[in-house]
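Input: a single structure, listed below in structure tokens.
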Amino acid sequence: MSGGEEERRASGEERRLLERLAVPPGLCATCEHLRLLASKRSVFVRCGLAAVDPRFPRYPPLPVRACSGYLPATPAGPCPPPDLTES
């Protein structure tokens, strides 16, 4: 199975989880930093930026209408880490 197929399946799973939310997530639904945690009964929206920047709440109140850390998600998935090696 190619990586593209896995990414499409993951984004489909994310869509199904987002549909289970009682409140629309707002900007989080299309943000690169979105992390979803799910149990049998609940789905939680977590901000990935909270792990590295204390200005962002780990579990933001929904819907998020404005966010200084918002980064539109790329269709292919998360951005690769920057290459820190010198040329």
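Residues in the structure tokens are numbered from 1 in each chain, the chains being A, B, ... in the order shown, and ligands are numbered from 1 in the order shown.
All residues of protein, DNA or RNA that reach within 9 Å of Leu34 of chain A, judged by only C-alpha atoms and not counting those fewer than 6 positions away in the chain, are A:Cys28, A:Val45, A:Arg46, A:Cys47, A:Gly48, A:Leu49, A:Ala73.
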Point to revise | Residue neighbourhood Pro61 of chain A, 12 Å, only C-alpha atoms, exclusion window fewer than 4 positions, as a ChimeraX atom specification | key: /A:23-28,44-47,56-57,65-67
Deliver the residues from the most recent selection as a file, using N, CA and C atoms, as a PDB file, in the first residue's frame.
```pdb
ATOM      1  N   VAL A  23     -19.910  19.897  19.183  1.00  0.00           N
ATOM      2  CA  VAL A  23     -19.759  21.302  18.803  1.00  0.00           C
ATOM      3  C   VAL A  23     -18.798  21.352  17.618  1.00  0.00           C
ATOM      4  N   PRO A  24     -19.088  22.159  16.598  1.00  0.00           N
ATOM      5  CA  PRO A  24     -18.140  22.250  15.483  1.00  0.00           C
ATOM      6  C   PRO A  24     -16.795  22.803  15.962  1.00  0.00           C
ATOM      7  N   PRO A  25     -15.682  22.280  15.432  1.00  0.00           N
ATOM      8  CA  PRO A  25     -14.365  22.695  15.921  1.00  0.00           C
ATOM      9  C   PRO A  25     -13.884  24.036  15.391  1.00  0.00           C
ATOM     10  N   GLY A  26     -14.543  24.590  14.406  1.00  0.00           N
ATOM     11  CA  GLY A  26     -14.089  25.860  13.853  1.00  0.00           C
ATOM     12  C   GLY A  26     -12.793  25.688  13.071  1.00  0.00           C
ATOM     13  N   LEU A  27     -11.847  26.594  13.280  1.00  0.00           N
ATOM     14  CA  LEU A  27     -10.576  26.564  12.547  1.00  0.00           C
ATOM     15  C   LEU A  27      -9.807  25.262  12.750  1.00  0.00           C
ATOM     16  N   CYS A  28      -9.951  24.657  13.898  1.00  0.00           N
ATOM     17  CA  CYS A  28      -9.201  23.434  14.192  1.00  0.00           C
ATOM     18  C   CYS A  28      -9.437  22.342  13.155  1.00  0.00           C
ATOM     19  N   PHE A  44     -12.006  14.224  21.376  1.00  0.00           N
ATOM     20  CA  PHE A  44     -11.404  15.437  21.922  1.00  0.00           C
ATOM     21  C   PHE A  44     -10.508  16.069  20.873  1.00  0.00           C
ATOM     22  N   VAL A  45     -10.595  17.386  20.755  1.00  0.00           N
ATOM     23  CA  VAL A  45      -9.741  18.147  19.840  1.00  0.00           C
ATOM     24  C   VAL A  45      -8.576  18.666  20.657  1.00  0.00           C
ATOM     25  N   ARG A  46      -7.380  18.297  20.233  1.00  0.00           N
ATOM     26  CA  ARG A  46      -6.172  18.728  20.932  1.00  0.00           C
ATOM     27  C   ARG A  46      -5.314  19.555  19.988  1.00  0.00           C
ATOM     28  N   CYS A  47      -4.706  20.602  20.527  1.00  0.00           N
ATOM     29  CA  CYS A  47      -3.821  21.457  19.742  1.00  0.00           C
ATOM     30  C   CYS A  47      -2.388  20.939  19.861  1.00  0.00           C
ATOM     31  N   PHE A  56      -0.749  28.279  23.789  1.00  0.00           N
ATOM     32  CA  PHE A  56      -1.867  27.565  23.186  1.00  0.00           C
ATOM     33  C   PHE A  56      -2.430  26.531  24.157  1.00  0.00           C
ATOM     34  N   PRO A  57      -3.751  26.534  24.351  1.00  0.00           N
ATOM     35  CA  PRO A  57      -4.354  25.547  25.258  1.00  0.00           C
ATOM     36  C   PRO A  57      -4.306  24.154  24.650  1.00  0.00           C
ATOM     37  N   ARG A  65     -12.590  30.297  16.641  1.00  0.00           N
ATOM     38  CA  ARG A  65     -12.903  31.254  15.568  1.00  0.00           C
ATOM     39  C   ARG A  65     -11.677  32.064  15.129  1.00  0.00           C
ATOM     40  N   ALA A  66     -10.679  32.172  15.994  1.00  0.00           N
ATOM     41  CA  ALA A  66      -9.446  32.894  15.676  1.00  0.00           C
ATOM     42  C   ALA A  66      -8.308  32.237  16.445  1.00  0.00           C
ATOM     43  N   CYS A  67      -7.149  32.110  15.795  1.00  0.00           N
ATOM     44  CA  CYS A  67      -5.992  31.484  16.446  1.00  0.00           C
ATOM     45  C   CYS A  67      -4.719  31.970  15.768  1.00  0.00           C
TER      46      CYS A  67
END
```
Point to revise | Distance query Leu21 of chain A at most 12 Å, only C-alpha atoms, self and fewer than 3 positions along chain excluded, as a PyMOL selection string | key: chain A and resi 14-18+24-26+29+36-39+41-45+62-63
Check your understanding: Quick one: of A:Leu71, A:His33, A:Val64, A:Ala22, who's nearest to Val52 of chain A, counting only C-alpha atoms?
Key ->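 Nearest to Val52 of chain A: A:His33.
Nearest-residue note for Lys40 of chain A: choosing from A:Pro60, A:Ser11, A:Thr74, A:Arg20, the minimum distance belongs to A:Arg20, counting only C-alpha atoms.
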Point to revise | Residues flagged helix (DSSP H, G or I) by DSSP in segment 41-82 of chain A, as a PyMOL selection string | key: chain A and resi 48-51
